[in-house]
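Enquirer: So here's target13.cif (mmCIF, C-alpha atoms).
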data_structure
loop_
_atom_site.label_atom_id
_atom_site.label_comp_id
_atom_site.auth_asym_id
_atom_site.auth_seq_id
_atom_site.Cartn_x
_atom_site.Cartn_y
_atom_site.Cartn_z
CA MET B 1 115.21 79.88 86.22
CA THR B 2 118.59 81.32 87.19
CA ARG B 3 121.72 79.33 86.52
CA LEU B 4 122.32 78.99 90.25
CA GLY B 5 118.77 77.78 90.89
CA ASP B 6 119.21 75.33 88.02
CA LEU B 7 122.43 74.00 89.58
CA GLU B 8 120.85 73.70 93.00
CA ARG B 9 118.08 71.63 91.54
CA ALA B 10 120.50 69.39 89.66
CA VAL B 11 122.54 68.79 92.82
CA MET B 12 119.42 68.01 94.86
CA ASP B 13 118.30 65.59 92.17
CA VAL B 14 121.60 63.76 92.52
CA LEU B 15 121.24 63.58 96.30
CA TRP B 16 117.64 62.40 96.06
CA ASP B 17 117.90 59.97 93.17
CA LEU B 18 121.40 58.54 93.29
CA VAL B 19 122.13 58.36 97.00
CA PRO B 20 120.45 55.53 98.93
CA GLY B 21 118.70 56.80 102.03
CA ALA B 22 120.76 54.67 104.40
CA SER B 23 124.15 55.81 103.14
CA ASP B 24 126.30 58.34 105.00
CA GLY B 25 126.07 60.69 102.06
CA VAL B 26 128.38 61.60 99.27
CA THR B 27 131.46 63.75 98.82
CA VAL B 28 131.68 66.82 96.62
CA ARG B 29 133.74 64.77 94.17
CA GLU B 30 131.02 62.13 93.88
CA VAL B 31 128.34 64.76 93.21
CA ALA B 32 130.54 66.42 90.60
CA ASP B 33 131.11 63.04 88.92
CA ALA B 34 127.36 62.37 88.87
CA LEU B 35 126.85 65.70 87.13
CA ASP B 36 129.41 64.64 84.54
CA GLY B 37 127.56 66.05 81.52
CA ARG B 38 127.65 69.56 82.91
CA GLU B 39 131.45 69.76 83.31
CA LEU B 40 131.30 71.69 86.54
CA ALA B 41 134.32 72.76 88.52
CA TYR B 42 134.81 71.08 91.88
CA THR B 43 134.57 74.44 93.65
CA THR B 44 131.28 75.26 91.91
CA VAL B 45 129.69 72.06 93.20
CA MET B 46 131.07 72.77 96.66
CA THR B 47 129.60 76.30 96.61
CA VAL B 48 126.19 74.98 95.58
CA LEU B 49 126.27 72.33 98.33
CA ASP B 50 127.24 74.99 100.90
CA ARG B 51 124.36 77.18 99.80
CA LEU B 52 121.95 74.28 100.07
CA ALA B 53 123.30 73.48 103.54
CA GLY B 54 122.70 77.11 104.50
CA LYS B 55 119.10 76.75 103.39
CA GLY B 56 118.68 73.63 105.48
CA MET B 57 118.15 71.45 102.41
CA VAL B 58 121.35 69.48 102.88
CA GLN B 59 123.06 68.01 105.93
CA ARG B 60 126.78 67.55 106.08
CA GLN B 61 129.09 65.52 108.23
CA ARG B 62 132.83 65.63 108.46
CA GLU B 63 134.62 62.44 107.59
CA GLY B 64 138.36 62.67 107.86
CA ARG B 65 139.34 65.73 105.84
CA ALA B 66 136.27 65.77 103.60
CA TRP B 67 132.62 66.58 104.15
CA ARG B 68 129.90 64.10 103.30
CA TYR B 69 126.58 65.54 102.16
CA ARG B 70 123.08 64.11 102.10
CA ALA B 71 119.58 65.50 101.59
CA ALA B 72 118.05 66.70 104.86
CA ALA B 73 114.59 65.44 103.87
CA SER B 74 113.15 63.47 101.01
CA ARG B 75 111.65 65.10 97.94
CA GLU B 76 108.27 63.68 98.95
CA ALA B 77 108.47 65.36 102.35
CA HIS B 78 109.09 68.74 100.73
CA ILE B 79 106.18 68.22 98.35
CA ALA B 80 104.03 67.28 101.34
CA GLN B 81 105.07 70.50 103.06
CA LEU B 82 104.16 72.57 100.00
CA MET B 83 100.80 70.78 99.74
CA LEU B 84 100.07 71.52 103.39
CA ASP B 85 100.61 75.20 102.59
CA ALA B 86 98.54 74.87 99.43
CA LEU B 87 95.64 73.20 101.21
CA ASP B 88 95.86 75.68 104.06
CA LEU B 89 96.58 72.97 106.63
CA GLY B 90 99.97 74.30 107.65
CA GLY B 91 98.53 76.28 110.53
CA SER B 92 99.85 79.58 109.20
CA ARG B 93 97.52 82.51 109.71
CA ASP B 94 99.18 84.57 107.01
CA ALA B 95 97.66 84.84 103.58
CA ALA B 96 100.80 83.71 101.80
CA LEU B 97 98.96 81.99 98.96
CA VAL B 98 95.80 82.66 97.01
CA ARG B 99 93.97 79.45 96.17
CA PHE B 100 91.50 78.55 93.47
CA ALA B 101 89.87 75.89 95.53
CA ARG B 102 91.06 73.16 97.75
CA SER B 103 89.77 69.73 98.17
CA VAL B 104 91.14 67.52 100.83
CA THR B 105 89.83 64.75 102.98
CA GLY B 106 90.61 64.08 106.60
CA THR B 107 92.63 61.03 105.61
CA GLU B 108 94.69 62.99 103.12
CA ALA B 109 95.48 65.60 105.74
CA GLU B 110 96.62 62.85 108.13
CA VAL B 111 98.83 61.32 105.47
CA LEU B 112 100.39 64.68 104.68
CA ARG B 113 101.10 65.42 108.31
CA ALA B 114 102.48 61.92 108.88
CA ALA B 115 104.83 62.33 105.92
CA LEU B 116 106.20 65.40 107.65
CA SER B 117 106.58 64.08 111.15
CA ALA B 118 108.43 61.06 109.73
CA GLU B 119 111.14 63.48 108.69
CA ALA B 120 112.55 64.39 112.08
CA GLY B 121 113.27 68.07 112.45
CA LEU B 122 112.04 69.05 109.00
CA THR B 123 109.50 71.48 110.41
CA ASP B 124 112.20 73.17 112.46
CA ARG B 125 114.29 73.86 109.42
CA ILE B 126 111.33 75.07 107.46
CA GLU B 127 110.55 77.53 110.22
CA ASP B 128 114.14 78.66 110.42
CA PRO B 129 115.82 78.15 107.08
CA ARG B 130 118.81 80.34 107.99
CA ALA B 131 119.92 78.22 110.95
CA GLY B 132 123.67 78.40 110.72
CA GLN B 133 124.71 74.89 111.70
CA PRO B 134 123.34 71.72 110.17
CA PRO B 135 120.79 70.57 112.75
CA LEU B 136 121.62 67.55 114.84
CA ALA B 137 119.12 64.76 115.25
CA ASP B 138 118.43 65.58 118.90
CA GLU B 139 117.64 69.18 118.01
CA ALA B 140 114.28 68.06 116.68
CA THR B 141 112.37 69.72 119.44
CA ASP B 142 108.65 69.70 119.95
CA ARG B 143 107.56 73.20 119.32
CA MET I 144 82.96 116.26 122.90
CA ALA I 145 81.22 116.68 119.56
CA TYR I 146 84.21 115.16 117.75
CA ALA I 147 84.25 112.13 120.01
CA LEU I 148 80.58 111.65 119.14
CA HIS I 149 81.50 111.85 115.46
CA PHE I 150 84.00 109.03 115.89
CA ALA I 151 81.58 106.97 117.96
CA ALA I 152 78.89 107.42 115.31
CA SER I 153 81.43 106.45 112.66
CA ILE I 154 82.28 103.21 114.50
CA LEU I 155 78.60 102.39 114.80
CA ALA I 156 78.06 103.15 111.10
CA CYS I 157 81.03 100.92 110.19
CA TRP I 158 79.55 98.08 112.16
CA LEU I 159 76.13 98.51 110.57
CA THR I 160 77.60 98.79 107.06
CA ALA I 161 79.71 95.68 107.62
CA GLU I 162 76.62 93.77 108.75
CA VAL I 163 74.67 94.90 105.66
CA LEU I 164 77.60 94.16 103.31
CA ALA I 165 78.09 90.70 104.81
CA ALA I 166 74.41 89.86 104.40
CA SER I 167 74.05 91.26 100.85
CA THR I 168 74.13 89.03 97.80
CA TRP I 169 74.41 91.82 95.20
CA THR I 170 78.10 91.91 96.17
CA TRP I 171 78.55 88.56 94.41
CA ARG I 172 77.56 90.15 91.12
CA ALA I 173 79.92 93.11 91.56
CA PRO I 174 82.84 91.71 93.55
CA ARG I 175 85.27 94.47 92.67
CA VAL I 176 82.95 97.26 93.88
CA ALA I 177 82.22 95.24 97.02
CA ILE I 178 85.94 94.81 97.74
CA VAL I 179 86.46 98.59 97.54
CA CYS I 180 83.50 99.06 99.92
CA TRP I 181 85.04 96.66 102.43
CA GLN I 182 88.37 98.47 102.17
CA ALA I 183 86.68 101.82 102.87
CA VAL I 184 84.86 100.36 105.89
CA GLY I 185 88.12 98.87 107.19
CA LEU I 186 89.94 102.19 106.84
CA ALA I 187 87.10 104.12 108.50
CA LEU I 188 87.00 101.64 111.37
CA GLY I 189 90.74 101.73 111.99
CA LEU I 190 90.86 105.54 111.99
CA SER I 191 87.74 105.88 114.15
CA ALA I 192 89.06 103.36 116.69
CA MET I 193 92.17 105.55 117.04
CA GLY I 194 90.21 108.78 116.92
CA LEU I 195 87.59 108.05 119.59
CA PRO I 196 89.91 107.94 122.64
CA MET I 197 92.01 110.80 121.22
CA ALA I 198 88.96 113.02 120.72
CA LEU I 199 87.79 112.24 124.27
CA GLY I 200 91.18 113.23 125.65
CA LEU I 201 91.34 116.38 123.54
CA ALA I 202 87.78 117.55 124.26
CA ALA I 203 89.09 120.59 126.17
CA TYR I 204 90.61 122.06 123.00
CA GLY I 205 87.27 122.22 121.21
CA GLN I 206 89.00 121.69 117.84
CA PRO I 207 88.97 118.84 115.32
CA THR I 208 91.27 116.03 116.36
CA GLY I 209 94.07 116.87 113.91
CA SER I 210 94.52 120.49 114.97
CA ALA I 211 93.90 119.60 118.64
CA LEU I 212 96.79 117.10 118.45
CA VAL I 213 99.05 119.83 117.04
CA ALA I 214 97.93 122.21 119.80
CA LEU I 215 98.61 119.56 122.44
CA ALA I 216 102.08 118.89 121.02
CA THR I 217 102.87 122.64 121.14
CA ASP I 218 101.59 122.91 124.71
CA LEU I 219 103.58 119.86 125.79
CA ALA I 220 106.71 121.34 124.23
CA HIS I 221 106.19 124.55 126.25
CA GLY I 222 105.33 122.60 129.38
CA THR I 223 102.01 124.37 129.86
CA LEU I 224 98.76 122.45 129.64
CA PRO I 225 95.40 124.25 129.45
CA ALA I 226 92.83 123.72 132.17
CA GLY I 227 90.82 120.57 131.65
CA VAL I 228 93.69 118.50 130.27
CA GLY I 229 94.89 116.13 132.98
CA ALA I 230 96.60 112.79 133.26
CA VAL I 231 93.41 110.94 132.29
CA HIS I 232 93.10 112.96 129.09
CA LEU I 233 96.73 112.44 128.16
CA GLY I 234 96.20 108.75 128.88
CA LEU I 235 93.26 108.65 126.46
CA VAL I 236 95.36 110.25 123.73
CA GLY I 237 98.00 107.62 124.48
CA VAL I 238 95.40 104.86 124.10
CA GLY I 239 94.50 106.25 120.67
CA PHE I 240 98.15 106.16 119.57
CA GLY I 241 98.44 102.70 121.12
CA ILE I 242 95.60 101.37 118.97
CA GLY I 243 97.29 102.86 115.91
CA ALA I 244 100.60 101.27 116.90
CA VAL I 245 98.98 97.85 117.41
CA LEU I 246 97.29 98.03 114.00
CA LEU I 247 100.54 99.09 112.36
CA THR I 248 102.73 96.47 114.04
CA THR I 249 100.31 93.61 113.30
CA THR I 250 100.26 94.66 109.67
CA VAL I 251 104.06 94.82 109.55
CA ARG I 252 104.35 91.45 111.31
CA SER I 253 101.82 89.97 108.92
CA VAL I 254 103.77 91.27 105.93
CA TYR I 255 107.02 89.94 107.36
CA GLY I 256 105.58 86.49 108.09
CA THR I 257 103.95 86.31 104.68
CA VAL I 258 107.07 87.34 102.80
CA ARG I 259 109.15 84.78 104.71
CA ALA I 260 106.67 81.98 104.06
CA GLN I 261 106.49 82.93 100.40
CA ARG I 262 110.26 83.01 100.02
CA ARG I 263 110.58 79.56 101.56
CA HIS I 264 107.73 78.23 99.45
CA ARG I 265 109.35 79.66 96.31
CA GLU I 266 112.72 78.08 97.12
CA LEU I 267 111.18 74.67 97.69
CA LEU I 268 109.13 74.96 94.50
CA SER I 269 112.24 75.67 92.45
CA LEU I 270 113.75 72.42 93.79
CA VAL I 271 110.83 69.98 93.60
CA ALA I 272 108.15 71.30 91.21
CA ARG I 273 108.28 70.42 87.53
CA ARG I 274 107.10 72.00 84.30
CA ASP I 275 104.49 70.16 82.31
CA PRO I 276 103.54 70.68 78.66
CA THR I 277 99.82 70.35 79.48
CA VAL I 278 99.97 73.46 81.70
CA PRO I 279 102.32 75.96 80.05
CA GLY I 280 103.57 78.66 82.40
CA ALA I 281 102.52 76.77 85.52
CA LEU I 282 104.40 74.48 87.91
CA VAL I 283 103.26 70.99 88.80
CA LEU I 284 103.63 69.34 92.20
CA ASP I 285 103.57 65.56 92.09
CA HIS I 286 100.93 64.87 94.69
CA PRO I 287 97.57 63.09 94.44
CA SER I 288 95.58 65.72 96.37
CA ALA I 289 93.85 68.39 94.30
CA ALA I 290 95.14 71.92 94.75
CA ALA I 291 95.55 74.93 92.50
CA TYR I 292 97.03 78.12 93.85
CA CYS I 293 98.98 81.23 93.16
CA LEU I 294 102.17 82.17 94.97
CA PRO I 295 101.97 85.96 94.71
CA GLY I 296 104.86 88.32 94.44
CA VAL I 297 106.89 90.27 91.92
CA LYS I 298 107.46 87.04 90.02
CA PRO I 299 104.25 85.15 90.74
CA ARG I 300 104.00 81.39 90.33
CA VAL I 301 100.88 79.45 89.41
CA VAL I 302 100.99 75.92 90.83
CA VAL I 303 98.74 72.92 90.31
CA SER I 304 99.09 69.48 91.82
CA ALA I 305 99.13 66.25 89.83
CA GLY I 306 95.80 65.49 91.53
CA THR I 307 94.33 68.56 89.83
CA LEU I 308 95.65 67.47 86.44
CA ASN I 309 93.81 64.17 86.89
CA LEU I 310 90.68 65.85 88.17
CA LEU I 311 90.10 68.43 85.43
CA ASP I 312 89.80 68.28 81.65
CA ARG I 313 91.72 70.60 79.35
CA ALA I 314 89.15 73.44 79.19
CA GLU I 315 88.58 73.37 82.95
CA LEU I 316 92.31 73.49 83.56
CA ALA I 317 92.68 76.51 81.27
CA ALA I 318 89.92 78.35 83.17
CA VAL I 319 91.59 77.57 86.51
CA LEU I 320 94.95 78.84 85.25
CA THR I 321 93.37 82.11 84.08
CA HIS I 322 91.72 82.43 87.48
CA GLU I 323 95.10 82.04 89.20
CA ARG I 324 96.81 84.53 86.88
CA ALA I 325 94.09 87.06 87.73
CA HIS I 326 95.01 86.69 91.41
CA ALA I 327 98.63 87.36 90.52
CA GLN I 328 97.97 90.29 88.18
CA GLU I 329 95.57 92.13 90.48
CA ARG I 330 97.71 91.41 93.56
CA HIS I 331 94.81 89.96 95.51
CA ASP I 332 97.26 89.00 98.23
CA LEU I 333 97.69 92.71 99.00
CA VAL I 334 93.90 93.13 99.07
CA LEU I 335 93.60 90.36 101.67
CA LEU I 336 96.59 91.43 103.74
CA PRO I 337 95.06 94.28 105.81
CA PHE I 338 92.00 92.16 106.60
CA THR I 339 94.17 89.26 107.69
CA ALA I 340 96.18 91.65 109.85
CA LEU I 341 93.03 93.18 111.33
CA GLY I 342 91.69 89.71 112.11
CA ARG I 343 94.96 88.96 113.90
CA ALA I 344 94.90 92.21 115.86
CA LEU I 345 91.27 91.72 116.96
CA PRO I 346 90.74 87.95 117.04
CA TRP I 347 87.89 88.18 119.55
CA PHE I 348 85.63 90.25 117.29
CA ARG I 349 83.60 87.76 115.32
CA TRP I 350 82.51 90.25 112.68
CA VAL I 351 86.08 91.26 111.87
CA ARG I 352 86.84 87.61 111.09
CA HIS I 353 83.59 87.51 109.19
CA ALA I 354 84.66 90.49 107.08
CA GLN I 355 87.93 88.71 106.33
CA GLU I 356 86.07 85.63 105.06
CA ARG I 357 83.73 87.78 102.96
CA VAL I 358 86.61 89.60 101.30
CA ALA I 359 88.39 86.30 100.63
CA LEU I 360 85.26 85.00 98.89
CA LEU I 361 84.86 88.24 96.88
CA VAL I 362 88.47 87.98 95.73
CA GLU I 363 87.76 84.46 94.45
CA MET I 364 84.66 85.70 92.65
CA ARG I 365 86.60 88.54 91.10
CA ALA I 366 89.16 86.04 89.77
CA ASP I 367 86.29 83.83 88.56
CA ASP I 368 84.97 86.83 86.61
CA LYS I 369 88.37 87.37 84.99
CA ALA I 370 88.41 83.71 83.96
CA ARG I 371 84.90 84.11 82.49
CA GLU I 372 86.09 86.95 80.29
CA LEU I 373 88.44 84.53 78.50
CA HIS I 374 86.63 81.23 78.79
CA ALA I 375 83.03 80.11 78.83
CA ASP I 376 81.22 79.78 82.14
CA ALA I 377 80.80 76.03 81.84
CA PRO I 378 84.44 74.93 82.26
CA LEU I 379 84.91 77.15 85.30
CA ALA I 380 81.71 75.91 86.92
CA GLY I 381 82.76 72.36 86.01
CA ALA I 382 86.15 72.82 87.66
CA LEU I 383 84.54 74.20 90.81
CA ARG I 384 82.07 71.34 90.95
CA ARG I 385 84.77 68.76 90.51
CA PHE I 386 86.74 70.29 93.37
CA ALA I 387 83.61 70.27 95.53
CA ALA I 388 82.80 66.67 94.62
CA ALA I 389 86.36 65.45 95.17
CA GLY I 390 86.16 66.76 98.70
CA HIS I 391 82.77 65.28 99.48
CA ARG I 392 83.28 61.92 97.84
CA ILE I 393 85.52 60.50 100.51
CA THR I 394 84.86 62.76 103.50
CA PRO I 395 82.04 61.44 105.66
CA ALA I 396 79.19 63.92 106.02
CA GLY I 397 79.91 66.53 108.64
CA ALA I 398 83.53 65.51 109.09
CA LEU I 399 86.23 68.19 109.19
CA GLY I 400 85.08 71.24 107.27
CA LEU I 401 88.16 71.22 105.12
CA GLY I 402 86.46 71.39 101.75
CA ASP I 403 85.56 74.87 100.62
CA ARG I 404 82.00 75.62 101.66
CA ASP I 405 81.92 78.62 99.36
CA LEU I 406 82.30 76.50 96.23
CA ASP I 407 78.53 76.05 95.96
CA VAL I 408 77.93 79.80 96.04
CA ARG I 409 80.52 80.36 93.34
CA VAL I 410 79.01 77.67 91.09
CA GLN I 411 75.48 79.05 91.56
CA ARG I 412 76.70 82.51 90.60
CA LEU I 413 78.10 81.18 87.32
CA LEU I 414 74.97 79.24 86.44
CA VAL I 415 72.41 82.00 87.06
CA PRO I 416 73.23 84.92 84.78
CA ASP I 417 72.35 88.25 86.31
CA ARG I 418 72.88 91.89 85.50
CA THR I 419 75.51 93.89 87.36
CA PRO I 420 73.72 95.83 90.13
CA ARG I 421 74.94 99.28 89.10
CA LEU I 422 72.59 101.34 91.27
CA LEU I 423 73.20 99.28 94.41
CA GLY I 424 76.92 99.27 93.77
CA ALA I 425 77.06 103.03 93.29
CA THR I 426 75.01 103.61 96.45
CA ALA I 427 77.25 101.32 98.49
CA LEU I 428 80.34 103.07 97.13
CA ALA I 429 78.91 106.49 98.03
CA VAL I 430 78.00 105.38 101.57
CA THR I 431 81.34 103.72 102.29
CA THR I 432 83.49 106.53 100.87
CA THR I 433 81.55 109.03 103.01
CA LEU I 434 82.18 106.72 105.95
CA ALA I 435 85.92 106.77 105.29
CA ALA I 436 85.97 110.51 104.54
CA LEU I 437 84.50 111.47 107.94
CA PRO I 438 87.36 110.30 110.21
CA ILE I 439 89.95 111.37 107.62
CA SER I 440 88.59 114.95 107.56
CA LEU I 441 88.56 115.07 111.38
CA PHE I 442 92.22 114.11 111.43
CA LEU I 443 93.25 116.47 108.62
CA ASN I 444 91.35 119.56 109.82
#
Would you put the structure from the file into structure tokens?
Expert:
Amino acid sequence: MTRLGDLERAVMDVLWDLVPGASDGVTVREVADALDGRELAYTTVMTVLDRLAGKGMVQRQREGRAWRYRAAASREAHIAQLMLDALDLGGSRDAALVRFARSVTGTEAEVLRAALSAEAGLTDRIEDPRAGQPPLADEATDR
Amino acid sequence: MAYALHFAASILACWLTAEVLAASTWTWRAPRVAIVCWQAVGLALGLSAMGLPMALGLAAYGQPTGSALVALATDLAHGTLPAGVGAVHLGLVGVGFGIGAVLLTTTVRSVYGTVRAQRRHRELLSLVARRDPTVPGALVLDHPSAAAYCLPGVKPRVVVSAGTLNLLDRAELAAVLTHERAHAQERHDLVLLPFTALGRALPWFRWVRHAQERVALLVEMRADDKARELHADAPLAGALRRFAAAGHRITPAGALGLGDRDLDVRVQRLLVPDRTPRLLGATALAVTTTLAALPISLFLN
């Protein structure tokens, strides 16, 4: 894995594991402090967070002069999305993956889809990862 | 007119060959040969579908389609059209090019959509999947459903879910991983791509979709064969059966055909040893390459 990919993962782990879901998010400083062992420069952490925001993985909100960041969707929701692709339930007609076999029950499929719809707007971002602005809650349109 | 008949006969032959290929079971014992046959039929069909209207429009030239097209281009450049070439004929030539354009754009769109989906999938994997010592070289997704798949590309990824780790024993898991690596090494995604694109371009033709499903099954069988070269048949068959059973155990009979119906066929194939049908395979190859050569020669002459 590249160093950048490694950093992105570490930052996401902080956002997923150390930030309670209800909080308004964390500042760059707080993320950098959580990654204490890595001795990262403040600007490095900020760059990684910006990249993740560009990919739609992270939402940010201005508070005073600083930005507050939080994960756009839970880790479980992303896993659910990947499993939908893997089990060929995502509705894509492209042969993006080659599967050994898949085994899924109707209930499982429902659970997977429910996990996704619970995360408002997640599907939109997955369809359009390069959306410039962090999506607002009311942008979660029904496509 | 004779050339248009050639193309029409070629389309008919493609259809017949596809029907025979879809109904044959020798293909299961020689999946790689069968895949090449399907590719030849697909190529012949695409070229003939373009060639038929073109040849009808160019009948007045009395030349093979390729040279007639060149002659038409020269005449158009000089602004003089020979007798017998009117608006209808030019329209027919246009239809031929239109079919080609549709086939090309659907393929390009399919490639674009696939690459985008793969890139997104890869990015997410790098953030949420984990390595696991029990499956070296593969990624694990923490989810109770059973799935094993290959994300193809220049740097392919083999992924299994935690549900799969629970479902399979060590030998079965090793066979599944070899199966997935075979997909990645032989770029089976590229094999499937034109058929997926063709199915998208012509969704109302049932036998095109049928061909797509056949090729998808053959690709799985080919990967099964690669796994058999390294492992015994039993673990692979065991893994397939467990996947089949995991689907049936909870799903009520007849509910949502989400489990793979083809699993049974693949297990049967592993259990009943059979010789490779060399004669049948060679015959099928000869027939399908001739089929593809006919429209190609008409275009190149």
Enquirer: For the point (81.1, 90.9, 88.3) in the file's frame, write as a PDB file with C-alpha atoms, keeping the file's coordinate frame all residues with an atom no more than 8 Å away, counting all atoms listed in the file.
Expert:
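Done, and the output landed in result-v6.pdb:
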ATOM      1  CA  TRP I 171      78.550  88.560  94.410  1.00  0.00           C
ATOM      2  CA  ARG I 172      77.560  90.150  91.120  1.00  0.00           C
ATOM      3  CA  ALA I 173      79.920  93.110  91.560  1.00  0.00           C
ATOM      4  CA  PRO I 174      82.840  91.710  93.550  1.00  0.00           C
ATOM      5  CA  ARG I 175      85.270  94.470  92.670  1.00  0.00           C
ATOM      6  CA  MET I 364      84.660  85.700  92.650  1.00  0.00           C
ATOM      7  CA  ARG I 365      86.600  88.540  91.100  1.00  0.00           C
ATOM      8  CA  ASP I 368      84.970  86.830  86.610  1.00  0.00           C
ATOM      9  CA  THR I 419      75.510  93.890  87.360  1.00  0.00           C
TER      10      THR I 419
END
Enquirer: With distances taken over all atoms listed in the file, which residue among I:Leu379, I:Ala344, I:Val278, I:Ala370 lies nearest Thr321 in chain I?
Expert: I:Ala370
Enquirer: Tell me which of I:Pro196, I:Gly209, I:Gly424, I:Gly280 sits closest to Lys298 in chain I, counting all atoms listed in the file.
Expert: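 Residue with the minimum atom-to-atom distance to Lys298 in chain I: I:Gly280.
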Enquirer: Find the spatial neighbours of Phe442 in chain I, counting all atoms listed in the file, within a cut-off of 8 Å - ignore same-chain residues fewer than 4 positions away - and output them as a list in words.
Expert: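 Residues meeting the cut-off are Gly194, Pro207, Thr208, Gly209, Ser210 and Pro438 of chain I.
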Enquirer: Might you spell out which residues the PyMOL selection byres ((chain I and resi 199-206) around 10) would select in the displayed file, as a PDB file with C-alpha atoms, keeping the file's coordinate frame?
Expert:
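So the final result, stored in expr-v3.pdb, reads:
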ATOM      1  CA  MET I 144      82.960 116.260 122.900  1.00  0.00           C
ATOM      2  CA  ALA I 145      81.220 116.680 119.560  1.00  0.00           C
ATOM      3  CA  TYR I 146      84.210 115.160 117.750  1.00  0.00           C
ATOM      4  CA  ALA I 147      84.250 112.130 120.010  1.00  0.00           C
ATOM      5  CA  LEU I 148      80.580 111.650 119.140  1.00  0.00           C
ATOM      6  CA  PHE I 150      84.000 109.030 115.890  1.00  0.00           C
ATOM      7  CA  GLY I 194      90.210 108.780 116.920  1.00  0.00           C
ATOM      8  CA  LEU I 195      87.590 108.050 119.590  1.00  0.00           C
ATOM      9  CA  PRO I 196      89.910 107.940 122.640  1.00  0.00           C
ATOM     10  CA  MET I 197      92.010 110.800 121.220  1.00  0.00           C
ATOM     11  CA  ALA I 198      88.960 113.020 120.720  1.00  0.00           C
ATOM     12  CA  PRO I 207      88.970 118.840 115.320  1.00  0.00           C
ATOM     13  CA  THR I 208      91.270 116.030 116.360  1.00  0.00           C
ATOM     14  CA  GLY I 209      94.070 116.870 113.910  1.00  0.00           C
ATOM     15  CA  SER I 210      94.520 120.490 114.970  1.00  0.00           C
ATOM     16  CA  ALA I 211      93.900 119.600 118.640  1.00  0.00           C
ATOM     17  CA  LEU I 212      96.790 117.100 118.450  1.00  0.00           C
ATOM     18  CA  ALA I 214      97.930 122.210 119.800  1.00  0.00           C
ATOM     19  CA  LEU I 215      98.610 119.560 122.440  1.00  0.00           C
ATOM     20  CA  PRO I 225      95.400 124.250 129.450  1.00  0.00           C
ATOM     21  CA  ALA I 226      92.830 123.720 132.170  1.00  0.00           C
ATOM     22  CA  GLY I 227      90.820 120.570 131.650  1.00  0.00           C
ATOM     23  CA  VAL I 228      93.690 118.500 130.270  1.00  0.00           C
ATOM     24  CA  GLY I 229      94.890 116.130 132.980  1.00  0.00           C
ATOM     25  CA  ALA I 230      96.600 112.790 133.260  1.00  0.00           C
ATOM     26  CA  VAL I 231      93.410 110.940 132.290  1.00  0.00           C
ATOM     27  CA  HIS I 232      93.100 112.960 129.090  1.00  0.00           C
ATOM     28  CA  LEU I 233      96.730 112.440 128.160  1.00  0.00           C
ATOM     29  CA  GLY I 234      96.200 108.750 128.880  1.00  0.00           C
ATOM     30  CA  LEU I 235      93.260 108.650 126.460  1.00  0.00           C
ATOM     31  CA  VAL I 236      95.360 110.250 123.730  1.00  0.00           C
ATOM     32  CA  GLY I 237      98.000 107.620 124.480  1.00  0.00           C
ATOM     33  CA  VAL I 238      95.400 104.860 124.100  1.00  0.00           C
ATOM     34  CA  GLY I 239      94.500 106.250 120.670  1.00  0.00           C
ATOM     35  CA  LEU I 441      88.560 115.070 111.380  1.00  0.00           C
ATOM     36  CA  ASN I 444      91.350 119.560 109.820  1.00  0.00           C
TER      37      ASN I 444
END
Enquirer: Mind pulling up the distance from CA of Ala260 in chain I to CA of Arg51 in chain B?
Expert: 18.8 Å
Enquirer: Show which residues sit within 7 Å of range 1-16 of chain B, as a ChimeraX atom specification. Count only C-alpha atoms, and ignore same-chain residues fewer than 3 positions away.
Expert: /B:19,31,34,48,70-71,74-75 /I:270
Enquirer: So, with only C-alpha atoms as the atoms that count, which of I:Leu443, I:Leu335, I:Ile154, I:Val408 lies closest to chain B?
Expert: I:Leu335
Enquirer: Taking only C-alpha atoms into account, name the residue in I:Arg384, I:Arg357, I:Arg371, I:Arg349 that is nearest to chain B.
Expert: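 With only C-alpha atoms as the atom set, the closest residue is I:Arg384.
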Enquirer: Which residue, B:Val26, B:Ala72, B:Leu40, B:Met57, has the smallest gap to chain I when you use all atoms listed in the file?
Expert: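 Distance minimum relative to chain I lands on B:Met57.
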Enquirer: Would you mind reading off the distance between CA of His149 in chain I and CA of Glu162 in chain I, one decimal, in Å?
Expert: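 Atom-to-atom, CA of His149 in chain I to CA of Glu162 in chain I, that is 19.9 Å.
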Enquirer: Identify the residues within 10 Å of coordinate (87.3, 98.7, 110.2) (same frame as the file), considering all atoms listed in the file, and give the answer as a list in words.
Expert: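 The residues that fall inside the cut-off are Ile154, Cys157, Trp158, Ala161, Trp181, Gln182, Ala183, Val184, Gly185, Leu186, Ala187, Leu188, Gly189, Leu190, Ser191, Ala192, Pro337, Phe338, Leu341, Val351, Ala354 and Ala435 of chain I.
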Enquirer: Restricting the calculation to all atoms listed in the file, which member of I:Gln355, I:Thr160, I:Ser153, I:Thr168 is positioned closest to chain B?
Expert: I:Gln355
